[in-house]
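Peer 1: One file is attached below, data_5.txt, containing compact mmCIF, C-alpha atoms.
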# COMPACT_ATOMS: atom_id res chain seq x y z
CA MET E 48 0.00 0.00 0.00
CA VAL E 49 1.38 3.39 -1.01
CA GLU E 50 1.62 5.83 1.88
CA VAL E 51 0.24 9.20 0.78
CA PRO E 52 0.18 12.12 3.22
CA SER E 53 -3.07 14.02 3.71
CA ARG E 54 -1.31 17.33 3.30
CA ALA E 55 1.67 18.81 1.47
CA ARG E 56 2.67 22.34 0.66
CA VAL E 57 3.27 21.49 -3.00
CA VAL E 58 1.92 18.55 -4.98
CA ILE E 59 3.72 17.77 -8.23
CA ILE E 60 1.76 15.59 -10.64
CA GLY E 61 3.98 13.52 -12.93
CA GLY E 62 7.15 11.51 -12.38
CA GLY E 63 9.13 12.16 -15.53
CA VAL E 64 12.32 14.15 -15.81
CA ILE E 65 10.40 17.45 -15.44
CA GLY E 66 8.40 16.56 -12.33
CA THR E 67 11.34 14.98 -10.53
CA SER E 68 13.53 17.99 -11.37
CA ILE E 69 11.01 20.38 -9.84
CA ALA E 70 10.83 18.19 -6.73
CA TYR E 71 14.63 18.07 -6.52
CA HIS E 72 15.03 21.82 -6.70
CA LEU E 73 12.19 22.57 -4.27
CA GLY E 74 13.91 20.20 -1.85
CA HIS E 75 17.18 22.08 -2.26
CA LEU E 76 15.35 25.35 -1.53
CA GLY E 77 14.19 23.93 1.79
CA TRP E 78 10.67 23.03 0.67
CA ALA E 79 10.80 19.48 1.95
CA ASP E 80 7.02 19.50 2.40
CA THR E 81 6.69 18.64 -1.28
CA LEU E 82 4.94 15.54 -2.62
CA LEU E 83 5.41 14.12 -6.10
CA VAL E 84 2.74 11.68 -7.25
CA GLU E 85 3.15 9.43 -10.29
CA ARG E 86 0.22 7.36 -11.55
CA ASP E 87 2.46 4.42 -12.52
CA GLN E 88 6.27 4.35 -12.32
CA LEU E 89 8.80 7.14 -12.69
CA THR E 90 9.62 7.75 -16.40
CA SER E 91 6.66 5.63 -17.63
CA GLY E 92 5.11 8.44 -19.68
CA THR E 93 7.52 9.65 -22.34
CA THR E 94 10.82 10.07 -20.49
CA TRP E 95 11.66 6.37 -20.75
CA HIS E 96 11.89 6.37 -24.55
CA ALA E 97 13.67 9.70 -25.03
CA ALA E 98 16.78 9.61 -27.20
CA GLY E 99 18.88 11.27 -24.49
CA LEU E 100 20.58 14.04 -26.48
CA MET E 101 22.25 16.66 -24.28
CA VAL E 102 22.75 19.61 -26.60
CA THR E 103 23.34 23.25 -25.62
CA PHE E 104 23.55 24.49 -29.23
CA GLY E 105 20.58 25.54 -31.29
CA SER E 106 18.25 27.90 -29.46
CA MET E 107 17.82 31.58 -30.23
CA SER E 108 16.42 32.15 -26.75
CA GLU E 109 18.80 33.22 -24.01
CA THR E 110 16.48 31.66 -21.42
CA SER E 111 16.36 28.30 -23.21
CA THR E 112 20.13 28.30 -23.70
CA GLU E 113 20.72 28.95 -20.00
CA LEU E 114 18.32 26.11 -19.12
CA ARG E 115 20.34 23.78 -21.33
CA LYS E 116 23.69 24.85 -19.89
CA TYR E 117 22.46 24.33 -16.32
CA THR E 118 20.99 20.94 -17.23
CA ARG E 119 24.29 19.72 -18.66
CA ASP E 120 26.10 20.92 -15.54
CA LEU E 121 23.68 19.08 -13.25
CA TYR E 122 24.02 15.84 -15.18
CA THR E 123 27.78 16.20 -14.85
CA ARG E 124 27.81 16.54 -11.06
CA LEU E 125 24.72 14.66 -9.92
CA GLU E 126 26.31 11.24 -9.47
CA ALA E 127 28.70 12.64 -6.86
CA GLU E 128 25.67 13.86 -4.89
CA THR E 129 23.32 10.91 -5.20
CA GLY E 130 25.52 7.91 -5.99
CA LEU E 131 23.44 7.17 -9.09
CA ALA E 132 24.93 7.78 -12.52
CA THR E 133 23.04 9.89 -15.06
CA GLY E 134 24.77 8.23 -18.01
CA PHE E 135 26.02 11.59 -19.24
CA LYS E 136 28.81 11.17 -21.78
CA PRO E 137 30.32 14.38 -23.20
CA VAL E 138 31.16 12.83 -26.56
CA GLY E 139 30.48 16.09 -28.37
CA PHE E 140 27.80 17.27 -30.77
CA ALA E 141 27.88 18.49 -34.38
CA GLU E 142 25.07 20.16 -36.32
CA LEU E 143 25.44 19.76 -40.09
CA ALA E 144 24.67 22.43 -42.66
CA ALA E 145 24.32 21.01 -46.16
CA ASP E 146 22.74 24.02 -47.88
CA GLU E 147 23.42 27.76 -47.94
CA GLY E 148 20.28 28.64 -46.00
CA ARG E 149 21.15 26.43 -43.05
CA LEU E 150 24.76 27.58 -43.14
CA GLU E 151 23.65 31.20 -42.77
CA GLU E 152 21.14 30.28 -40.06
CA TYR E 153 23.59 28.23 -38.01
CA ARG E 154 26.26 30.91 -38.22
CA ARG E 155 23.77 33.32 -36.67
CA VAL E 156 22.71 30.75 -34.06
CA ALA E 157 26.36 29.99 -33.26
CA ALA E 158 27.17 33.68 -32.80
CA PHE E 159 24.23 34.09 -30.43
CA ASN E 160 25.05 30.89 -28.56
CA ARG E 161 28.66 31.99 -28.09
CA TYR E 162 27.32 35.25 -26.66
CA CYS E 163 25.35 33.07 -24.20
CA GLY E 164 28.49 31.13 -23.22
CA VAL E 165 28.17 28.04 -25.42
CA ASP E 166 31.56 26.94 -26.74
CA VAL E 167 30.50 26.26 -30.34
CA HIS E 168 32.88 26.30 -33.29
CA GLU E 169 32.31 26.12 -37.02
CA ILE E 170 34.22 23.17 -38.46
CA SER E 171 34.96 22.03 -42.00
CA PRO E 172 33.49 18.98 -43.77
CA ARG E 173 36.87 17.32 -43.38
CA GLU E 174 36.73 17.85 -39.61
CA VAL E 175 33.19 16.44 -39.54
CA ALA E 176 34.50 13.33 -41.31
CA GLU E 177 37.32 13.01 -38.80
CA LEU E 178 34.86 13.17 -35.91
CA PHE E 179 32.33 10.76 -37.44
CA PRO E 180 34.11 8.77 -40.18
CA LEU E 181 31.03 6.81 -41.27
CA ALA E 182 29.13 9.98 -42.18
CA ARG E 183 28.92 11.05 -45.80
CA THR E 184 30.23 14.63 -46.05
CA ASP E 185 30.41 15.30 -49.80
CA ASP E 186 27.49 17.76 -49.59
CA VAL E 187 28.27 19.21 -46.14
CA LEU E 188 29.22 22.90 -46.15
CA ALA E 189 30.11 23.09 -42.45
CA GLY E 190 29.46 21.59 -39.05
CA PHE E 191 28.83 23.42 -35.79
CA TYR E 192 30.60 21.58 -33.01
CA VAL E 193 30.26 21.72 -29.22
CA GLU E 194 32.86 19.51 -27.56
CA GLY E 195 31.18 19.41 -24.13
CA ASP E 196 27.74 18.29 -25.34
CA GLY E 197 26.78 14.66 -25.81
CA ARG E 198 24.26 12.15 -24.54
CA VAL E 199 22.62 11.06 -21.31
CA ASN E 200 20.56 8.07 -20.18
CA PRO E 201 17.04 9.49 -19.58
CA VAL E 202 15.91 6.83 -17.10
CA ASP E 203 19.18 6.86 -15.13
CA ALA E 204 19.18 10.65 -15.02
CA THR E 205 15.59 10.77 -13.77
CA MET E 206 16.25 8.17 -11.08
CA SER E 207 19.31 10.08 -9.92
CA ILE E 208 17.31 13.32 -9.73
CA ALA E 209 14.55 11.52 -7.82
CA ARG E 210 17.05 10.19 -5.30
CA GLY E 211 18.43 13.69 -4.89
CA ALA E 212 14.90 14.93 -4.15
CA ARG E 213 14.35 12.22 -1.55
CA GLN E 214 17.68 13.08 0.08
CA GLU E 215 16.29 16.58 0.65
CA GLY E 216 13.18 15.19 2.34
CA VAL E 217 10.76 15.30 -0.60
CA THR E 218 8.20 12.47 -0.77
CA ILE E 219 7.72 10.56 -4.02
CA ALA E 220 4.67 8.30 -4.27
CA GLN E 221 4.32 5.99 -7.29
CA GLY E 222 1.12 4.22 -8.25
CA VAL E 223 -1.04 7.20 -7.27
CA THR E 224 -3.52 8.58 -9.82
CA VAL E 225 -4.74 12.17 -9.56
CA ASP E 226 -8.43 12.42 -10.43
CA ASP E 227 -8.88 16.16 -9.95
CA VAL E 228 -7.44 19.37 -8.58
CA ILE E 229 -9.58 21.05 -5.91
CA VAL E 230 -10.14 24.73 -6.70
CA ARG E 231 -11.95 27.03 -4.29
CA ASP E 232 -12.24 30.82 -4.43
CA GLY E 233 -10.11 30.79 -7.57
CA ALA E 234 -7.12 29.09 -5.95
CA VAL E 235 -5.66 25.61 -5.54
CA ARG E 236 -6.75 23.91 -2.32
CA GLY E 237 -5.81 20.26 -2.88
CA VAL E 238 -5.84 17.24 -5.15
CA VAL E 239 -8.14 14.24 -5.25
CA THR E 240 -6.36 10.92 -5.81
CA ASP E 241 -7.26 7.25 -5.79
CA HIS E 242 -5.46 7.16 -2.43
CA GLY E 243 -7.46 9.96 -0.85
CA THR E 244 -7.54 13.75 -0.86
CA ILE E 245 -4.37 15.76 -0.28
CA GLU E 246 -4.58 19.35 0.89
CA CYS E 247 -1.99 21.65 -0.67
CA GLU E 248 -1.15 25.27 -1.43
CA TYR E 249 0.41 24.70 -4.85
CA VAL E 250 -0.07 22.21 -7.65
CA VAL E 251 2.37 21.61 -10.49
CA ASN E 252 0.90 19.86 -13.51
CA ALA E 253 3.92 18.03 -14.93
CA ALA E 254 1.78 15.28 -16.40
CA GLY E 255 3.37 15.32 -19.84
CA MET E 256 1.05 14.30 -22.64
CA TRP E 257 -1.82 14.02 -20.10
CA ALA E 258 -1.38 17.61 -18.93
CA ARG E 259 -4.07 19.04 -21.21
CA GLN E 260 -6.72 16.60 -20.03
CA LEU E 261 -5.86 17.18 -16.37
CA GLY E 262 -5.93 20.94 -16.87
CA GLU E 263 -9.35 20.81 -18.53
CA ARG E 264 -10.89 19.54 -15.29
CA SER E 265 -9.95 22.84 -13.65
CA GLY E 266 -10.75 25.05 -16.64
CA VAL E 267 -7.04 25.46 -17.45
CA THR E 268 -5.88 25.75 -21.07
CA ILE E 269 -2.86 23.56 -21.89
CA PRO E 270 -3.07 22.95 -25.65
CA LEU E 271 -0.42 20.32 -26.16
CA GLN E 272 -0.92 17.24 -28.33
CA ALA E 273 0.87 13.90 -28.53
CA ALA E 274 2.31 12.82 -31.85
CA GLU E 275 4.22 9.82 -33.14
CA HIS E 276 7.98 10.12 -32.75
CA TYR E 277 10.34 7.64 -34.40
CA TYR E 278 13.83 6.35 -34.13
CA LEU E 279 15.53 3.23 -35.43
CA ILE E 280 18.53 1.31 -34.14
CA THR E 281 20.60 -0.72 -36.55
CA GLU E 282 22.29 -4.01 -35.94
CA GLN E 283 25.93 -3.88 -34.90
CA MET E 284 27.94 -1.72 -37.28
CA GLU E 285 31.62 -2.40 -37.80
CA GLY E 286 33.83 0.58 -37.07
CA LEU E 287 31.20 2.53 -35.14
CA ASP E 288 32.79 4.07 -32.05
CA PRO E 289 30.72 5.05 -28.98
CA ALA E 290 33.15 7.96 -28.46
CA TRP E 291 32.00 9.61 -31.69
CA PRO E 292 29.84 12.70 -31.25
CA VAL E 293 26.11 12.98 -31.68
CA ILE E 294 25.34 14.53 -35.06
CA GLU E 295 22.20 16.21 -36.36
CA ASP E 296 21.34 16.53 -40.03
CA PRO E 297 18.04 18.44 -40.28
CA GLY E 298 18.19 18.49 -44.08
CA ASN E 299 17.72 14.72 -44.01
CA HIS E 300 15.35 14.77 -41.00
CA GLY E 301 17.80 12.83 -38.79
CA TYR E 302 19.95 12.75 -35.69
CA TYR E 303 22.53 10.05 -35.06
CA ARG E 304 24.42 8.46 -32.20
CA GLU E 305 25.89 5.11 -31.24
CA GLU E 306 23.64 2.73 -29.30
CA VAL E 307 25.01 -0.59 -28.00
CA GLY E 308 27.17 -1.14 -31.04
CA GLY E 309 24.51 -0.05 -33.50
CA LEU E 310 23.53 3.34 -34.87
CA MET E 311 20.49 5.17 -33.52
CA ILE E 312 18.83 7.30 -36.18
CA GLY E 313 16.14 9.58 -34.82
CA LEU E 314 13.61 11.27 -37.07
CA PHE E 315 11.70 14.54 -37.13
CA GLU E 316 9.66 14.18 -40.29
CA PRO E 317 8.15 17.30 -41.89
CA VAL E 318 4.63 15.82 -41.89
CA CYS E 319 3.85 14.02 -38.64
CA ALA E 320 0.96 11.95 -37.27
CA PRO E 321 -0.90 13.17 -34.15
CA TRP E 322 -1.80 10.42 -31.65
CA GLN E 323 -5.03 10.10 -29.66
CA VAL E 324 -6.42 13.57 -30.36
CA ASP E 325 -9.58 12.69 -28.43
CA GLY E 326 -7.58 11.90 -25.30
CA ILE E 327 -4.58 9.95 -24.06
CA PRO E 328 -5.65 6.73 -22.28
CA GLY E 329 -5.17 7.03 -18.54
CA ASP E 330 -3.52 3.62 -18.33
CA ALA E 331 -0.98 4.17 -21.12
CA SER E 332 2.44 3.33 -19.69
CA PHE E 333 5.76 2.63 -21.40
CA THR E 334 3.74 3.01 -24.59
CA SER E 335 5.16 1.92 -27.94
CA LEU E 336 3.10 2.29 -31.10
CA GLN E 337 2.92 0.25 -34.28
CA PRO E 338 5.28 1.97 -36.73
CA ASP E 339 3.83 3.24 -40.01
CA TRP E 340 6.46 1.96 -42.42
CA ASP E 341 4.64 3.22 -45.50
CA ARG E 342 4.44 6.81 -44.26
CA MET E 343 7.91 6.87 -42.76
CA GLY E 344 9.78 4.99 -45.50
CA PRO E 345 10.96 8.03 -47.50
CA TYR E 346 12.09 9.85 -44.34
CA VAL E 347 13.97 6.81 -43.06
CA GLU E 348 15.72 6.43 -46.41
CA ALA E 349 16.74 10.09 -46.45
CA ALA E 350 18.07 9.93 -42.89
CA MET E 351 20.03 6.74 -43.54
CA SER E 352 21.69 8.36 -46.56
CA ARG E 353 23.84 10.46 -44.23
CA VAL E 354 25.47 7.26 -42.94
CA PRO E 355 25.43 4.93 -45.98
CA ALA E 356 26.76 1.95 -44.00
CA SER E 357 23.41 1.91 -42.18
CA TYR E 358 21.73 0.63 -45.37
CA ASP E 359 23.61 -2.65 -45.06
CA ALA E 360 23.52 -3.03 -41.29
CA GLY E 361 19.96 -4.22 -40.86
CA ILE E 362 17.41 -2.66 -38.53
CA ARG E 363 17.29 -4.10 -35.01
CA THR E 364 14.51 -1.82 -33.75
CA PHE E 365 12.13 0.61 -35.43
CA PHE E 366 10.54 2.38 -32.49
CA CYS E 367 7.53 4.66 -32.42
CA GLY E 368 6.43 6.31 -29.20
CA PRO E 369 4.19 9.27 -28.37
CA GLU E 370 5.56 12.66 -27.39
CA SER E 371 3.73 15.94 -26.87
CA PHE E 372 4.11 19.12 -28.89
CA THR E 373 2.72 22.63 -28.49
CA PRO E 374 1.28 25.03 -31.10
CA ASP E 375 4.40 27.22 -31.21
CA LEU E 376 7.05 24.61 -30.31
CA ALA E 377 7.73 26.36 -27.00
CA PRO E 378 7.26 24.72 -23.59
CA ILE E 379 4.27 25.52 -21.41
CA VAL E 380 5.84 26.51 -18.10
CA GLY E 381 4.59 28.71 -15.28
CA PRO E 382 1.49 29.78 -13.34
CA VAL E 383 -1.75 29.60 -15.30
CA PRO E 384 -4.01 32.66 -15.56
CA GLU E 385 -7.17 30.75 -14.65
CA VAL E 386 -6.31 29.42 -11.16
CA ARG E 387 -3.99 30.88 -8.51
CA ASN E 388 -1.05 28.68 -7.44
CA TYR E 389 -1.62 26.25 -10.34
CA PHE E 390 1.64 25.79 -12.26
CA VAL E 391 2.26 23.88 -15.48
CA ALA E 392 5.53 22.37 -16.68
CA ALA E 393 4.77 20.36 -19.81
CA GLY E 394 4.85 20.42 -23.60
CA LEU E 395 8.61 20.16 -24.02
CA ASN E 396 8.63 19.36 -27.77
CA SER E 397 11.40 16.75 -27.51
CA ILE E 398 13.75 18.91 -25.42
CA GLY E 399 12.68 17.64 -21.98
CA ILE E 400 15.89 15.73 -21.30
CA LEU E 401 18.20 18.52 -22.37
CA SER E 402 16.36 21.24 -20.44
CA GLY E 403 14.40 19.41 -17.69
CA PRO E 404 16.66 20.20 -14.72
CA GLY E 405 16.91 23.82 -15.84
CA ILE E 406 13.12 24.05 -15.97
CA GLY E 407 12.93 22.30 -12.59
CA ARG E 408 15.16 24.92 -11.01
CA MET E 409 13.21 27.77 -12.63
CA VAL E 410 9.79 26.49 -11.52
CA ALA E 411 11.06 25.81 -8.00
CA HIS E 412 12.27 29.41 -7.66
CA TRP E 413 9.05 30.68 -9.23
CA ILE E 414 7.06 28.91 -6.49
CA ALA E 415 9.41 29.61 -3.59
CA ASP E 416 10.50 33.16 -4.47
CA GLY E 417 7.73 34.34 -6.78
CA ASP E 418 10.38 34.95 -9.43
CA PRO E 419 11.57 32.48 -12.08
CA GLY E 420 14.86 34.31 -12.44
CA ALA E 421 14.63 34.52 -16.24
CA ASP E 422 12.62 36.00 -19.09
CA VAL E 423 9.76 33.51 -19.41
CA THR E 424 7.59 35.41 -21.88
CA GLY E 425 7.97 32.78 -24.59
CA MET E 426 6.92 29.84 -22.42
CA HIS E 427 4.33 31.38 -20.09
CA PRO E 428 0.92 29.63 -20.19
CA ALA E 429 -0.82 33.00 -20.53
CA ARG E 430 0.31 33.25 -24.16
CA LEU E 431 -2.04 30.41 -25.14
CA GLN E 432 -5.71 30.63 -26.04
CA PRO E 433 -8.66 28.26 -25.44
CA HIS E 434 -9.31 27.71 -29.16
CA GLN E 435 -5.84 26.14 -29.43
CA ALA E 436 -7.04 23.25 -27.27
CA THR E 437 -9.88 22.26 -29.59
CA PRO E 438 -9.46 18.85 -31.27
CA GLU E 439 -9.39 20.18 -34.83
CA TYR E 440 -6.81 22.86 -34.01
CA ARG E 441 -4.56 20.37 -32.25
CA ARG E 442 -4.94 17.79 -35.01
CA THR E 443 -3.91 20.19 -37.78
CA ARG E 444 -1.46 22.44 -35.94
CA THR E 445 0.58 19.57 -34.48
CA VAL E 446 1.37 18.36 -38.00
CA GLU E 447 2.77 21.81 -38.80
CA ALA E 448 4.54 22.32 -35.48
CA LEU E 449 6.48 19.06 -35.36
CA GLY E 450 7.33 19.60 -39.00
CA MET E 451 9.13 22.80 -37.99
CA VAL E 452 11.54 21.06 -35.60
CA TYR E 453 13.95 20.36 -38.44
CA GLN E 454 12.58 22.87 -40.95
Could the structure of this file be written out as structure tokens, please?

Peer 2:
Amino acid sequence: MVEVPSRARVVIIGGGVIGTSIAYHLGHLGWADTLLVERDQLTSGTTWHAAGLMVTFGSMSETSTELRKYTRDLYTRLEAETGLATGFKPVGFAELAADEGRLEEYRRVAAFNRYCGVDVHEISPREVAELFPLARTDDVLAGFYVEGDGRVNPVDATMSIARGARQEGVTIAQGVTVDDVIVRDGAVRGVVTDHGTIECEYVVNAAGMWARQLGERSGVTIPLQAAEHYYLITEQMEGLDPAWPVIEDPGNHGYYREEVGGLMIGLFEPVCAPWQVDGIPGDASFTSLQPDWDRMGPYVEAAMSRVPASYDAGIRTFFCGPESFTPDLAPIVGPVPEVRNYFVAAGLNSIGILSGPGIGRMVAHWIADGDPGADVTGMHPARLQPHQATPEYRRTRTVEALGMVYQ
């Protein structure tokens, strides 16, 4: 039987990397009277199948870049604090520009990122080939390389963060489903769970792809939508070195890294498929979906063309799992305008792993100090409108939004 207290100062709903990070940072601010509830097991929503890229390059937002830098730093030092490894490996990261438009864009992004303290360098096609010898570079104009970036194990990182939260006195209760948030006089008063009612002063909806449905029960607008997200892992590939950097090739819709002797090729296709527009099942855990080979075939072929040896390696796994996206590809983070002391931290658009701890620190300070410590205009829930949560809007806009990830 799960022991759930009848009262907590803060209740965090959702045990992925975002929810655990908020719990961890509230604990470190002295808010030990914090309870995290997870309906199944930690990471069972979308965190468990994340690709684990830890990339500081790429954002034109100073706030987002700082979140990424802090996240990488936490993954680097967390094992010393908790005794649990995060799986962070600073193997490096290279973004490829294979057309003049991307070259111009990435030079501007790199200049801004350097201003924000990211150590990114433009490298030649020859240097790209030296870093990742199996990659085809005949059409590459330049790469943008960050030596300190790399990869992390999403489940290990989340478990390490959760242990860090517990070490600060925070309670984490798994197997507890939240049925509703109690709102009285326009403010949060508690949550109703299948293990009883919990009084609280603050609620954080970090329920991932379920966040919209939970918010609706309190009249809160959180217009995110789950969509299919794909990656494949090849059979063992001769000559592939786990010390090679992660590379991204948006022109061919792919990102690439070593995975247990094979090559992981992740995909952000320009025309995606929304999943369960009418509502995410409440019992969906560790969900994998049947891949649509017919729809994805051309995108897979294009992505594999960057590493031609992958054509001959054979595919060990072709994975499809749901992940949530927002109308403008920005996270939904902060206090909602409809209910006092109701915070949201969801809709991460595939950057939850590389910015989760940064968001956790920001939300914790927002609750504890009333100040997030950064410009949050672009991610504040107040920017969103009720019509964006309608089924037809989510169905059509998600196709466009995910398509812009690698536009």

Peer 1: At what distance in Å, to one decimal, does atom CA of E:Leu114 lie from atom CA of E:Val410?

Peer 2: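 One can read the atom CA of E:Val410 to atom CA of E:Leu114 distance as 11.4 Å.
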
Peer 1: Under the rule that all atoms listed in the file are counted, which of E:Val380, E:Thr373, E:Ala392, E:His300 is the nearest residue to E:Ala349?

Peer 2: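 For E:Ala349, the nearest of the candidates is E:His300.
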
Peer 1: Using only C-alpha atoms, what table do you get, as a tab-separated table, when you list each residue of stretch 205-309 of chain E with an atom no more than 12 Å from stretch 126-137 of chain E, its nearest pair of atoms, and their distance in Å rounded to one decimal, rows by chain then rising number?

Peer 2:
residue	atom	partner	partner_atom	distance
E:Thr205	CA	E:Thr133	CA	7.6
E:Met206	CA	E:Leu131	CA	7.5
E:Ser207	CA	E:Leu131	CA	5.1
E:Ile208	CA	E:Thr129	CA	7.9
E:Ala209	CA	E:Thr129	CA	9.2
E:Arg210	CA	E:Thr129	CA	6.3
E:Gly211	CA	E:Thr129	CA	5.6
E:Ala212	CA	E:Thr129	CA	9.4
E:Arg213	CA	E:Thr129	CA	9.8
E:Gln214	CA	E:Thr129	CA	8.0
E:Glu215	CA	E:Thr129	CA	10.8
E:Pro289	CA	E:Lys136	CA	9.6
E:Ala290	CA	E:Lys136	CA	8.6
E:Trp291	CA	E:Pro137	CA	9.9
E:Pro292	CA	E:Pro137	CA	8.2
E:Val293	CA	E:Pro137	CA	9.6
E:Arg304	CA	E:Lys136	CA	11.6
E:Glu305	CA	E:Lys136	CA	11.6

Peer 1: Using all atoms listed in the file, determine which residues lie at most 12 Å from stretch 281-288 of chain E, disregarding the query and same-chain residues fewer than 4 positions distant; provide the list as a VMD selection string.

Peer 2: chain E and resid 138 178 to 182 292 to 293 303 to 313 347 351 354 to 366

Peer 1: Ranking E:Phe191, E:Phe333, E:Tyr453, E:Phe372 by minimum distance to E:Glu275 and counting only C-alpha atoms, which one comes first?

Peer 2: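 Nearest candidate to E:Glu275 out of E:Phe191, E:Phe333, E:Tyr453, E:Phe372: E:Phe372.
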
Peer 1: Expressed in Å to a single decimal, how great is the separation between atom CA of E:Thr244 and atom CA of E:Arg54?

Peer 2: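 Atom-to-atom, atom CA of E:Thr244 to atom CA of E:Arg54, that is 8.3 Å.
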
Peer 1: What is the atom CA of E:Leu82-atom CA of E:Thr240 distance in Å, reported with one decimal?

Peer 2: 12.6 Å

Peer 1: For each of E:Thr118, E:Ala436, E:Leu73, E:Ala429, take the minimum atom-to-atom distance to E:Gln260, counting only C-alpha atoms, then give the residue where this is smallest.

Peer 2: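 Of all the options, E:Ala436 lies closest to E:Gln260.
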
Peer 1: Could you check which residues have any atom within 12 Å of (9.9, 21.1, -36.6), counting all atoms listed in the file with coordinates taken straight from the file, and then list them as a PyMOL selection string?

Peer 2: chain E and resi 276+297-298+300-301+314-319+372-377+396-397+444-454

Peer 1: Those residues with C-alpha atoms, as a short mmCIF file (atom, residue, chain, number, x, y, z; two decimals), in the coordinates of the input please?

Peer 2:
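Below you can see again35.cif, which holds the result:
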data_model
loop_
_atom_site.label_atom_id
_atom_site.label_comp_id
_atom_site.auth_asym_id
_atom_site.auth_seq_id
_atom_site.Cartn_x
_atom_site.Cartn_y
_atom_site.Cartn_z
CA HIS E 276 7.98 10.12 -32.75
CA PRO E 297 18.04 18.44 -40.28
CA GLY E 298 18.19 18.49 -44.08
CA HIS E 300 15.35 14.77 -41.00
CA GLY E 301 17.80 12.83 -38.79
CA LEU E 314 13.61 11.27 -37.07
CA PHE E 315 11.70 14.54 -37.13
CA GLU E 316 9.66 14.18 -40.29
CA PRO E 317 8.15 17.30 -41.89
CA VAL E 318 4.63 15.82 -41.89
CA CYS E 319 3.85 14.02 -38.64
CA PHE E 372 4.11 19.12 -28.89
CA THR E 373 2.72 22.63 -28.49
CA PRO E 374 1.28 25.03 -31.10
CA ASP E 375 4.40 27.22 -31.21
CA LEU E 376 7.05 24.61 -30.31
CA ALA E 377 7.73 26.36 -27.00
CA ASN E 396 8.63 19.36 -27.77
CA SER E 397 11.40 16.75 -27.51
CA ARG E 444 -1.46 22.44 -35.94
CA THR E 445 0.58 19.57 -34.48
CA VAL E 446 1.37 18.36 -38.00
CA GLU E 447 2.77 21.81 -38.80
CA ALA E 448 4.54 22.32 -35.48
CA LEU E 449 6.48 19.06 -35.36
CA GLY E 450 7.33 19.60 -39.00
CA MET E 451 9.13 22.80 -37.99
CA VAL E 452 11.54 21.06 -35.60
CA TYR E 453 13.95 20.36 -38.44
CA GLN E 454 12.58 22.87 -40.95
#

Peer 1: As number ranges by chain, please: the residues near E:Val84 (cut-off 8 Å, only C-alpha atoms, same-chain neighbours under 2 positions excluded).

Peer 2: E: 58-62, 82, 86, 219-225

Peer 1: Let me make sure I understand: among E:Phe159, E:Trp413, E:Tyr117, E:Tyr249, which one has the smallest atom-to-atom distance to E:Ala234 if we use all atoms listed in the file?

Peer 2: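 Nearest candidate to E:Ala234 out of E:Phe159, E:Trp413, E:Tyr117, E:Tyr249: E:Tyr249.
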
Peer 1: Pick from E:Asn299, E:Thr443, E:Thr67, E:Ser335: nearest to E:Tyr277, with all atoms listed in the file counted?

Peer 2: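 For E:Tyr277, the nearest of the given residues is E:Ser335.
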
Peer 1: Hey, which of E:Val383, E:Ala254, E:Leu336, E:Leu271 ends up closest to E:Pro369? Count only C-alpha atoms.

Peer 2: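 Smallest distance to E:Pro369 is found for E:Leu336.
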
Peer 1: If we draw a sphere of 12 Å around (5.3, -0.1, -21.5), which residues have at least one atom in it when counting only C-alpha atoms? Please report them as a short mmCIF file (atom, residue, chain, number, x, y, z; two decimals) with C-alpha atoms, keeping the file's coordinate frame.

Peer 2:
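So the final result, stored in point05.cif, reads:
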data_model
loop_
_atom_site.label_atom_id
_atom_site.label_comp_id
_atom_site.auth_asym_id
_atom_site.auth_seq_id
_atom_site.Cartn_x
_atom_site.Cartn_y
_atom_site.Cartn_z
CA ASP E 87 2.46 4.42 -12.52
CA GLN E 88 6.27 4.35 -12.32
CA LEU E 89 8.80 7.14 -12.69
CA THR E 90 9.62 7.75 -16.40
CA SER E 91 6.66 5.63 -17.63
CA GLY E 92 5.11 8.44 -19.68
CA THR E 93 7.52 9.65 -22.34
CA THR E 94 10.82 10.07 -20.49
CA TRP E 95 11.66 6.37 -20.75
CA HIS E 96 11.89 6.37 -24.55
CA ASP E 330 -3.52 3.62 -18.33
CA ALA E 331 -0.98 4.17 -21.12
CA SER E 332 2.44 3.33 -19.69
CA PHE E 333 5.76 2.63 -21.40
CA THR E 334 3.74 3.01 -24.59
CA SER E 335 5.16 1.92 -27.94
CA LEU E 336 3.10 2.29 -31.10
CA GLY E 368 6.43 6.31 -29.20
CA PRO E 369 4.19 9.27 -28.37
#

Peer 1: What's the 10 Å shell around E:Gln323, counting only C-alpha atoms, without same-chain residues fewer than 6 positions away, as a list of chain:residue names?

Peer 2: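 The neighbour list is E:Gln272, E:Ala273, E:Ala274, E:Glu275, E:Pro369, E:Pro438, E:Arg442.
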
Peer 1: Name all residues at most 10 Å from E:Val228 (count only C-alpha atoms; drop same-chain ones fewer than 5 positions away) and give them as a list of chain:residue names.

Peer 2: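 Those residues are E:Val235, E:Arg236, E:Gly237, E:Val238, E:Val239, E:Thr240, E:Thr244, E:Ile245, E:Glu246, E:Cys247, E:Val250, E:Asn252, E:Leu261, E:Gly262, E:Arg264, E:Ser265, E:Tyr389.
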
Peer 1: Listed atoms of stretch 211-214 of chain E, axis-aligned box, 3 Å per side: centre and edge lengths to one decimal in Å, as AutoDock Vina command-line options?

Peer 2:
--center_x 16.4 --center_y 13.6 --center_z -2.4 --size_x 10.1 --size_y 8.7 --size_z 11.0
